[in-house]
file structure-v6.pdb (PDB, C-alpha atoms)
ATOM      1  CA  LEU A 186     -20.141  14.829  14.581
ATOM      2  CA  GLY A 187     -16.919  12.872  14.225
ATOM      3  CA  PHE A 188     -14.159  12.520  11.666
ATOM      4  CA  ASN A 189     -12.710  10.257   9.016
ATOM      5  CA  LEU A 190      -9.341   8.789   9.906
ATOM      6  CA  VAL A 191      -6.588   6.963   8.041
ATOM      7  CA  ALA A 192      -3.606   5.791  10.093
ATOM      8  CA  SER A 193      -0.218   4.468   9.040
ATOM      9  CA  HIS A 194       2.951   3.568  10.864
ATOM     10  CA  ILE A 195       6.296   5.021   9.829
ATOM     11  CA  ASP A 196       8.763   2.968  11.880
ATOM     12  CA  SER A 197      10.839   0.124  10.471
ATOM     13  CA  PRO A 198      12.928  -2.665  12.011
ATOM     14  CA  ARG A 199      16.450  -1.493  12.797
ATOM     15  CA  LEU A 200      19.408  -1.893  15.128
ATOM     16  CA  ASP A 201      19.502   0.706  17.905
ATOM     17  CA  LEU A 202      22.806   1.554  19.545
ATOM     18  CA  LYS A 203      22.921   0.954  23.277
ATOM     19  CA  ALA A 204      23.489   3.850  25.679
ATOM     20  CA  ARG A 205      27.212   3.064  26.085
ATOM     21  CA  PRO A 206      27.819   1.363  22.750
ATOM     22  CA  LEU A 207      31.530   1.780  21.973
ATOM     23  CA  TYR A 208      34.009  -0.870  23.103
ATOM     24  CA  GLU A 209      37.181  -2.603  21.915
ATOM     25  CA  ALA A 210      37.724  -6.349  21.484
ATOM     26  CA  ASP A 211      39.759  -8.675  19.267
ATOM     27  CA  GLY A 212      41.600  -5.858  17.547
ATOM     28  CA  MET A 213      38.397  -4.037  16.617
ATOM     29  CA  ALA A 214      36.310  -1.134  17.855
ATOM     30  CA  LEU A 215      32.652  -2.126  17.905
ATOM     31  CA  LEU A 216      29.219  -0.708  18.671
ATOM     32  CA  LYS A 217      26.779  -2.667  20.840
ATOM     33  CA  THR A 218      23.237  -2.818  19.495
ATOM     34  CA  HIS A 219      19.820  -4.170  20.363
ATOM     35  CA  TYR A 220      17.327  -4.895  17.625
ATOM     36  CA  TYR A 221      14.043  -3.018  17.275
ATOM     37  CA  GLY A 222      11.086  -4.791  15.703
ATOM     38  CA  GLY A 223      10.836  -8.245  14.251
ATOM     39  CA  ILE A 224      14.025  -8.939  12.333
ATOM     40  CA  LYS A 225      15.633 -12.028  10.873
ATOM     41  CA  LYS A 226      18.997 -11.608  12.535
ATOM     42  CA  TYR A 227      20.969 -13.502   9.895
ATOM     43  CA  GLN A 228      19.921 -10.934   7.268
ATOM     44  CA  TRP A 229      21.842  -8.186   9.075
ATOM     45  CA  LEU A 230      25.275  -9.822   8.860
ATOM     46  CA  ALA A 231      28.021  -8.985   6.336
ATOM     47  CA  MET A 232      26.023  -6.182   4.751
ATOM     48  CA  PRO A 233      26.698  -2.415   4.553
ATOM     49  CA  LEU A 234      24.957  -0.492   7.312
ATOM     50  CA  ALA A 235      24.333   3.247   7.580
ATOM     51  CA  LEU A 236      24.254   5.173  10.853
ATOM     52  CA  HIS A 237      21.332   7.566  11.435
ATOM     53  CA  GLY A 238      20.125   9.555  14.419
ATOM     54  CA  VAL A 239      20.668  12.499  16.708
ATOM     55  CA  VAL A 240      23.096  13.268  19.499
ATOM     56  CA  VAL A 241      22.125  15.694  22.255
ATOM     57  CA  LYS A 242      25.147  17.375  23.836
ATOM     58  CA  LYS A 243      25.393  18.638  27.409
ATOM     59  CA  ASP A 244      24.625  22.217  26.346
ATOM     60  CA  GLY A 245      21.393  21.079  24.653
ATOM     61  CA  GLN A 246      22.776  21.278  21.137
ATOM     62  CA  VAL A 247      21.305  18.625  18.847
ATOM     63  CA  LYS A 248      23.510  17.118  16.165
ATOM     64  CA  LYS A 249      22.012  15.105  13.317
ATOM     65  CA  ILE A 250      24.144  12.159  12.207
ATOM     66  CA  VAL A 251      23.919  10.435   8.814
ATOM     67  CA  VAL A 252      26.852   8.248   7.774
ATOM     68  CA  GLY A 253      26.744   5.692   4.991
ATOM     69  CA  GLU A 254      24.089   6.999   2.610
ATOM     70  CA  ASN A 255      26.417   9.066   0.428
ATOM     71  CA  PRO A 256      28.447   6.889  -1.998
ATOM     72  CA  GLU A 257      31.606   8.528  -0.648
ATOM     73  CA  ASP A 258      30.748   7.731   2.996
ATOM     74  CA  PRO A 259      32.166   4.774   4.884
ATOM     75  CA  VAL A 260      29.691   2.139   6.051
ATOM     76  CA  LEU A 261      29.577  -0.104   9.106
ATOM     77  CA  THR A 262      29.014  -3.854   9.100
ATOM     78  CA  ILE A 263      28.467  -6.827  11.406
ATOM     79  CA  ALA A 264      30.946  -9.648  10.855
ATOM     80  CA  ASP A 265      29.807 -13.143   9.969
ATOM     81  CA  LEU A 266      31.747 -16.393  10.066
ATOM     82  CA  LEU A 267      33.423 -17.651   6.908
ATOM     83  CA  PRO A 268      31.717 -20.773   5.510
ATOM     84  CA  HIS A 269      34.584 -23.107   6.427
ATOM     85  CA  LEU A 270      34.496 -21.830  10.036
ATOM     86  CA  ALA A 271      30.719 -21.958  10.423
ATOM     87  CA  LYS A 272      30.014 -25.680  10.650
ATOM     88  CA  ASP A 273      28.403 -25.485  14.120
ATOM     89  CA  GLN A 274      26.496 -22.339  13.199
ATOM     90  CA  MET A 275      25.047 -23.855  10.034
ATOM     91  CA  GLU A 276      23.749 -26.904  11.906
ATOM     92  CA  LYS A 277      21.553 -24.730  14.137
ATOM     93  CA  LYS A 278      17.997 -23.611  13.426
ATOM     94  CA  MET A 279      17.788 -20.255  11.686
ATOM     95  CA  SER A 280      16.269 -18.682  14.805
ATOM     96  CA  GLU A 281      19.222 -19.858  16.903
ATOM     97  CA  ALA A 282      22.184 -19.468  14.540
ATOM     98  CA  ILE A 283      22.774 -15.803  15.361
ATOM     99  CA  ASN A 284      22.806 -14.565  18.958
ATOM    100  CA  ALA A 285      21.267 -11.124  19.390
ATOM    101  CA  GLU A 286      24.135 -10.138  21.689
ATOM    102  CA  SER A 287      26.587 -10.716  18.842
ATOM    103  CA  LEU A 288      24.994  -8.122  16.562
ATOM    104  CA  ASN A 289      27.811  -5.661  17.188
ATOM    105  CA  ALA A 290      28.899  -3.400  14.355
ATOM    106  CA  ILE A 291      32.537  -2.937  13.387
ATOM    107  CA  VAL A 292      33.393   0.753  13.530
ATOM    108  CA  GLY A 293      37.185   0.669  13.163
ATOM    109  CA  ASN A 294      40.484  -1.134  13.656
ATOM    110  CA  ARG A 295      43.080   1.645  13.307
ATOM    111  CA  PRO A 296      45.011   2.337  16.557
ATOM    112  CA  GLN A 297      45.749   5.661  18.230
ATOM    113  CA  PRO A 298      49.475   5.050  18.986
ATOM    114  CA  GLU A 299      50.028   7.667  21.677
ATOM    115  CA  HIS A 300      47.083   6.401  23.731
ATOM    116  CA  ALA A 301      47.773   4.016  26.639
ATOM    117  CA  ASP A 302      44.697   1.768  26.633
ATOM    118  CA  ASP A 303      42.084   0.724  24.074
ATOM    119  CA  LEU A 304      44.095   2.151  21.194
ATOM    120  CA  ILE A 305      41.484   1.437  18.524
ATOM    121  CA  LYS A 306      38.544   2.742  20.552
ATOM    122  CA  ALA A 307      40.603   5.860  21.272
ATOM    123  CA  TYR A 308      41.083   6.513  17.555
ATOM    124  CA  VAL A 309      37.341   6.175  16.881
ATOM    125  CA  LEU A 310      36.619   8.630  19.703
ATOM    126  CA  LYS A 311      39.136  11.041  18.173
ATOM    127  CA  LEU A 312      37.339  10.807  14.830
ATOM    128  CA  LEU A 313      33.988  11.471  16.495
ATOM    129  CA  GLN A 314      35.431  14.462  18.320
ATOM    130  CA  ASP A 315      37.208  15.932  15.297
ATOM    131  CA  LYS A 316      34.441  15.430  12.729
ATOM    132  CA  TYR A 317      31.233  15.688  14.751
ATOM    133  CA  ASP A 318      32.293  17.359  18.019
ATOM    134  CA  ILE A 319      30.930  14.321  19.883
ATOM    135  CA  ALA A 320      32.476  12.936  23.074
ATOM    136  CA  GLU A 321      31.884   9.437  24.458
ATOM    137  CA  ASP A 322      29.561  10.758  27.175
ATOM    138  CA  ASP A 323      27.395  12.370  24.478
ATOM    139  CA  LEU A 324      26.496   8.903  23.174
ATOM    140  CA  THR A 325      24.564   8.241  26.377
ATOM    141  CA  SER A 326      21.915  10.785  25.390
ATOM    142  CA  ALA A 327      21.952   9.891  21.708
ATOM    143  CA  GLU A 328      19.365   8.102  19.602
ATOM    144  CA  LEU A 329      21.354   6.313  16.912
ATOM    145  CA  GLN A 330      20.285   3.468  14.652
ATOM    146  CA  LEU A 331      21.851   1.216  12.030
ATOM    147  CA  VAL A 332      19.887   0.506   8.870
ATOM    148  CA  PRO A 333      20.792  -1.156   5.551
ATOM    149  CA  ALA A 334      22.824   1.240   3.382
ATOM    150  CA  TYR A 335      20.942   0.440   0.191
ATOM    151  CA  SER A 336      19.305   2.879  -2.189
ATOM    152  CA  ALA A 337      15.760   2.241  -3.402
ATOM    153  CA  ARG A 338      15.720   0.378  -6.719
ATOM    154  CA  ASP A 339      13.202  -0.738  -9.293
ATOM    155  CA  VAL A 340      12.624  -4.494  -9.098
ATOM    156  CA  GLY A 341      11.803  -6.702 -12.051
ATOM    157  CA  LEU A 342      12.650  -6.328 -15.731
ATOM    158  CA  ASP A 343       9.330  -4.516 -16.082
ATOM    159  CA  ARG A 344      10.222  -2.186 -13.163
ATOM    160  CA  SER A 345       6.842  -3.037 -11.625
ATOM    161  CA  MET A 346       8.028  -3.155  -7.997
ATOM    162  CA  VAL A 347      10.196  -1.196  -5.578
ATOM    163  CA  GLY A 348      12.906  -2.718  -3.427
ATOM    164  CA  ALA A 349      13.939  -0.555  -0.478
ATOM    165  CA  PHE A 350      14.508  -0.736   3.241
ATOM    166  CA  GLY A 351      11.272   0.182   5.049
ATOM    167  CA  GLN A 352       9.263   0.251   1.821
ATOM    168  CA  ASP A 353       6.220  -1.398   3.440
ATOM    169  CA  ASP A 354       5.979   1.530   5.865
ATOM    170  CA  ARG A 355       6.769   4.284   3.386
ATOM    171  CA  VAL A 356       4.226   3.104   0.835
ATOM    172  CA  CYS A 357       1.499   3.141   3.516
ATOM    173  CA  ALA A 358       2.404   6.615   4.775
ATOM    174  CA  TYR A 359       2.707   8.041   1.260
ATOM    175  CA  THR A 360      -0.629   6.752   0.043
ATOM    176  CA  SER A 361      -2.356   7.846   3.271
ATOM    177  CA  LEU A 362      -1.020  11.373   2.913
ATOM    178  CA  ARG A 363      -1.924  11.559  -0.779
ATOM    179  CA  ALA A 364      -5.455  10.392   0.010
ATOM    180  CA  ALA A 365      -5.899  13.117   2.630
ATOM    181  CA  LEU A 366      -4.402  15.901   0.500
ATOM    182  CA  GLU A 367      -6.529  15.064  -2.530
ATOM    183  CA  ILE A 368      -9.778  15.628  -0.604
ATOM    184  CA  GLU A 369     -10.497  19.277  -1.401
ATOM    185  CA  GLN A 370     -13.558  19.810   0.786
ATOM    186  CA  PRO A 371     -14.276  16.837   3.053
ATOM    187  CA  LYS A 372     -17.771  16.534   4.476
ATOM    188  CA  ARG A 373     -16.252  15.761   7.873
ATOM    189  CA  THR A 374     -12.870  16.480   9.383
ATOM    190  CA  ALA A 375     -10.263  14.294   7.686
ATOM    191  CA  LEU A 376      -7.349  13.121   9.796
ATOM    192  CA  CYS A 377      -4.162  11.453   8.635
ATOM    193  CA  LEU A 378      -2.265   9.945  11.549
ATOM    194  CA  PHE A 379       1.344   8.754  11.364
ATOM    195  CA  VAL A 380       2.698   6.807  14.336
ATOM    196  CA  ASP A 381       5.733   4.801  15.350
ATOM    197  CA  LYS A 382       6.272   1.817  17.681
ATOM    198  CA  GLU A 383       4.135  -0.407  15.441
ATOM    199  CA  GLU A 384       7.066  -2.780  14.998
ATOM    200  CA  ILE A 385       7.055  -3.464  18.757
ATOM    201  CA  GLY A 386       3.330  -3.705  19.389
ATOM    202  CA  SER A 387       2.387  -0.006  19.152
ATOM    203  CA  MET A 388       3.419   0.589  22.764
ATOM    204  CA  GLY A 389       4.819   3.803  24.285
ATOM    205  CA  ASN A 390       3.466   7.330  24.397
ATOM    206  CA  THR A 391       3.585   7.722  20.594
ATOM    207  CA  GLY A 392       2.142   4.329  19.623
ATOM    208  CA  LEU A 393      -1.489   3.567  18.888
ATOM    209  CA  GLN A 394      -1.892   1.794  22.226
ATOM    210  CA  SER A 395      -1.411   5.181  23.911
ATOM    211  CA  LEU A 396      -3.963   7.928  24.588
ATOM    212  CA  LEU A 397      -2.553   9.992  21.713
ATOM    213  CA  LEU A 398      -5.622   9.680  19.485
ATOM    214  CA  GLU A 399      -8.108  10.136  22.329
ATOM    215  CA  ASN A 400      -6.317  13.272  23.535
ATOM    216  CA  LEU A 401      -6.239  14.652  19.993
ATOM    217  CA  VAL A 402      -9.965  14.056  19.518
ATOM    218  CA  ALA A 403     -10.723  15.611  22.909
ATOM    219  CA  GLU A 404      -8.782  18.727  21.888
ATOM    220  CA  LEU A 405     -10.537  18.966  18.521
ATOM    221  CA  MET A 406     -13.954  18.560  20.153
ATOM    222  CA  HIS A 407     -13.074  21.175  22.768
ATOM    223  CA  LYS A 408     -12.204  23.687  20.036
ATOM    224  CA  ALA A 409     -15.464  22.821  18.279
ATOM    225  CA  GLY A 410     -17.413  23.644  21.456
ATOM    226  CA  LYS A 411     -18.294  20.015  22.263
ATOM    227  CA  ASN A 412     -16.734  19.584  25.708
ATOM    228  CA  ASP A 413     -19.006  16.920  27.187
ATOM    229  CA  TYR A 414     -17.761  13.370  27.700
ATOM    230  CA  TYR A 415     -20.528  11.812  25.639
ATOM    231  CA  SER A 416     -19.733  13.848  22.504
ATOM    232  CA  ILE A 417     -16.051  12.891  22.724
ATOM    233  CA  ARG A 418     -16.832   9.202  23.134
ATOM    234  CA  GLN A 419     -19.383   9.354  20.321
ATOM    235  CA  ALA A 420     -16.813  10.910  17.994
ATOM    236  CA  LEU A 421     -14.310   8.206  18.897
TER     237      LEU A 421
END
call {"tool": "encode", "arguments": {"input": "structure-v6.pdb", "output": "structure tokens"}}
result
Amino acid sequence: LGFNLVASHIDSPRLDLKARPLYEADGMALLKTHYYGGIKKYQWLAMPLALHGVVVKKDGQVKKIVVGENPEDPVLTIADLLPHLAKDQMEKKMSEAINAESLNAIVGNRPQPEHADDLIKAYVLKLLQDKYDIAEDDLTSAELQLVPAYSARDVGLDRSMVGAFGQDDRVCAYTSLRAALEIEQPKRTALCLFVDKEEIGSMGNTGLQSLLLENLVAELMHKAGKNDYYSIRQAL
């Protein structure tokens, strides 16, 4: 009775776009973000960022978005102050130097001349419409994230390490899956569980604080003919 379980999380820190992210200010079109997971905010400035996620349109069509991973793609970035303008910033503690509300990504600065207001925002919306068939209202039901636009690389002259965004999560998930697949005939049911929300305390209906695992075990026990409460609790 019971099972052997190995669990790994597959989520990484990132910058999520807000529901109405696009706005114009200071001659730029920008995207509002809020950070997911424990990040060092200063590490996300002045670096190339890639846009990933899905957009759900009104008709239910789902569009997958990946911009910035191909070498020919543009990237986004979050502006930082030049050193000679950052005296006040550099005197602050690292945890206070960058305000989370200022983590807004630059998405364009080219104007749409024939448009009356928000010329730069209008041009970005035109690009989204022409290339991805996405309107501004579609962003409300989108799940879009910004992540570092870096490829995985060998680290060290001996190539003994890997440097990549989210590597700590990927290496756990990969080794967990390999361990499960290499068991040809397990004595007991072998489960490999991948979850998200670990970066924010494993909350939500897909995190390990949820009833996901208990419901899964209850279903497995039901199919095995063990429907009583005690057998389910014993297995858990």
call {"tool": "resolve_selection", "arguments": {"input": "structure-v6.pdb", "expression": "the PyMOL selection byres ((chain A and resi 235-242) around 7)", "output": "number ranges by chain"}}
result
A: 233-234, 243-254, 260-261, 323-324, 326-334
call {"tool": "resolve_selection", "arguments": {"input": "structure-v6.pdb", "expression": "the PyMOL selection byres ((chain A and resi 389-393) around 12)", "output": "MDAnalysis selection string"}}
result
chainID A and resid 192:196 378:388 394:400
call {"tool": "residues_around", "arguments": {"input": "structure-v6.pdb", "residues": "A:Tyr414", "least_positions_apart": "6", "cutoff": "12 Å", "atoms": "only C-alpha atoms", "output": "PDB file with C-alpha atoms, keeping the file's coordinate frame"}}
result
ATOM      1  CA  GLU A 399      -8.108  10.136  22.329  1.00  0.00           C
ATOM      2  CA  VAL A 402      -9.965  14.056  19.518  1.00  0.00           C
ATOM      3  CA  ALA A 403     -10.723  15.611  22.909  1.00  0.00           C
ATOM      4  CA  GLU A 404      -8.782  18.727  21.888  1.00  0.00           C
ATOM      5  CA  MET A 406     -13.954  18.560  20.153  1.00  0.00           C
ATOM      6  CA  HIS A 407     -13.074  21.175  22.768  1.00  0.00           C
ATOM      7  CA  ALA A 420     -16.813  10.910  17.994  1.00  0.00           C
ATOM      8  CA  LEU A 421     -14.310   8.206  18.897  1.00  0.00           C
TER       9      LEU A 421
END
call {"tool": "residues_around", "arguments": {"input": "structure-v6.pdb", "residues": "stretch 276-286 of chain A", "least_positions_apart": "5", "cutoff": "9 Å", "atoms": "only C-alpha atoms", "output": "number ranges by chain"}}
result
A: 217-220, 225-227, 271
call {"tool": "atom_distance", "arguments": {"input": "structure-v6.pdb", "atom1": "atom CA of A:Met213", "atom2": "atom CA of A:Arg295"}}
result
8.1 Å
call {"tool": "atom_distance", "arguments": {"input": "structure-v6.pdb", "atom1": "atom CA of A:Val340", "atom2": "atom CA of A:Pro259"}}
result
25.8 Å
call {"tool": "closest_residue", "arguments": {"input": "structure-v6.pdb", "among": "A:Pro256, A:Gly410, A:Pro206, A:Gly212", "to": "A:Ser336", "atoms": "only C-alpha atoms"}}
result
A:Pro256
call {"tool": "resolve_selection", "arguments": {"input": "structure-v6.pdb", "expression": "the PyMOL selection byres ((chain A and resi 231) around 6)", "output": "ChimeraX atom specification"}}
result
/A:230,232,262-265
call {"tool": "residues_around", "arguments": {"input": "structure-v6.pdb", "residues": "A:Ala337", "least_positions_apart": "2", "cutoff": "12 Å", "atoms": "all atoms listed in the file", "output": "list in words"}}
result
Glu254, Pro333, Ala334, Tyr335, Asp339, Val340, Met346, Val347, Gly348, Ala349, Phe350, Gly351, Gln352 and Arg355 of chain A
call {"tool": "atom_distance", "arguments": {"input": "structure-v6.pdb", "atom1": "atom CA of A:Lys272", "atom2": "atom CA of A:Gln228"}}
result
18.2 Å
call {"tool": "decode", "arguments": {"input": "structure-v6.pdb", "residues": "stretch 374-406 of chain A", "atoms": "C-alpha atoms", "output": "PDB file, in the first residue's frame"}}
result
ATOM      1  CA  THR A 374       3.825   2.932  -7.706  1.00  0.00           C
ATOM      2  CA  ALA A 375       6.431   5.570  -8.545  1.00  0.00           C
ATOM      3  CA  LEU A 376       5.238   9.148  -8.850  1.00  0.00           C
ATOM      4  CA  CYS A 377       7.132  12.122 -10.210  1.00  0.00           C
ATOM      5  CA  LEU A 378       5.389  15.373  -9.340  1.00  0.00           C
ATOM      6  CA  PHE A 379       6.208  18.730 -10.930  1.00  0.00           C
ATOM      7  CA  VAL A 380       4.621  21.827  -9.394  1.00  0.00           C
ATOM      8  CA  ASP A 381       4.795  25.593  -9.625  1.00  0.00           C
ATOM      9  CA  LYS A 382       4.265  28.422  -7.108  1.00  0.00           C
ATOM     10  CA  GLU A 383       7.274  27.269  -5.072  1.00  0.00           C
ATOM     11  CA  GLU A 384       8.891  30.673  -5.529  1.00  0.00           C
ATOM     12  CA  ILE A 385       5.969  32.289  -3.672  1.00  0.00           C
ATOM     13  CA  GLY A 386       5.472  29.779  -0.882  1.00  0.00           C
ATOM     14  CA  SER A 387       3.822  26.940  -2.844  1.00  0.00           C
ATOM     15  CA  MET A 388       0.412  28.601  -2.568  1.00  0.00           C
ATOM     16  CA  GLY A 389      -2.479  28.407  -5.060  1.00  0.00           C
ATOM     17  CA  ASN A 390      -4.353  25.466  -6.514  1.00  0.00           C
ATOM     18  CA  THR A 391      -1.246  24.078  -8.261  1.00  0.00           C
ATOM     19  CA  GLY A 392       1.255  24.521  -5.419  1.00  0.00           C
ATOM     20  CA  LEU A 393       2.204  21.916  -2.845  1.00  0.00           C
ATOM     21  CA  GLN A 394       0.181  23.692  -0.161  1.00  0.00           C
ATOM     22  CA  SER A 395      -2.954  22.753  -2.118  1.00  0.00           C
ATOM     23  CA  LEU A 396      -4.954  19.510  -2.068  1.00  0.00           C
ATOM     24  CA  LEU A 397      -3.459  18.498  -5.423  1.00  0.00           C
ATOM     25  CA  LEU A 398      -1.427  15.581  -4.066  1.00  0.00           C
ATOM     26  CA  GLU A 399      -4.168  14.370  -1.721  1.00  0.00           C
ATOM     27  CA  ASN A 400      -6.739  14.414  -4.528  1.00  0.00           C
ATOM     28  CA  LEU A 401      -4.350  12.538  -6.815  1.00  0.00           C
ATOM     29  CA  VAL A 402      -3.710   9.855  -4.196  1.00  0.00           C
ATOM     30  CA  ALA A 403      -7.440   9.544  -3.496  1.00  0.00           C
ATOM     31  CA  GLU A 404      -8.066   8.975  -7.211  1.00  0.00           C
ATOM     32  CA  LEU A 405      -5.296   6.382  -7.489  1.00  0.00           C
ATOM     33  CA  MET A 406      -6.573   4.531  -4.416  1.00  0.00           C
TER      34      MET A 406
END
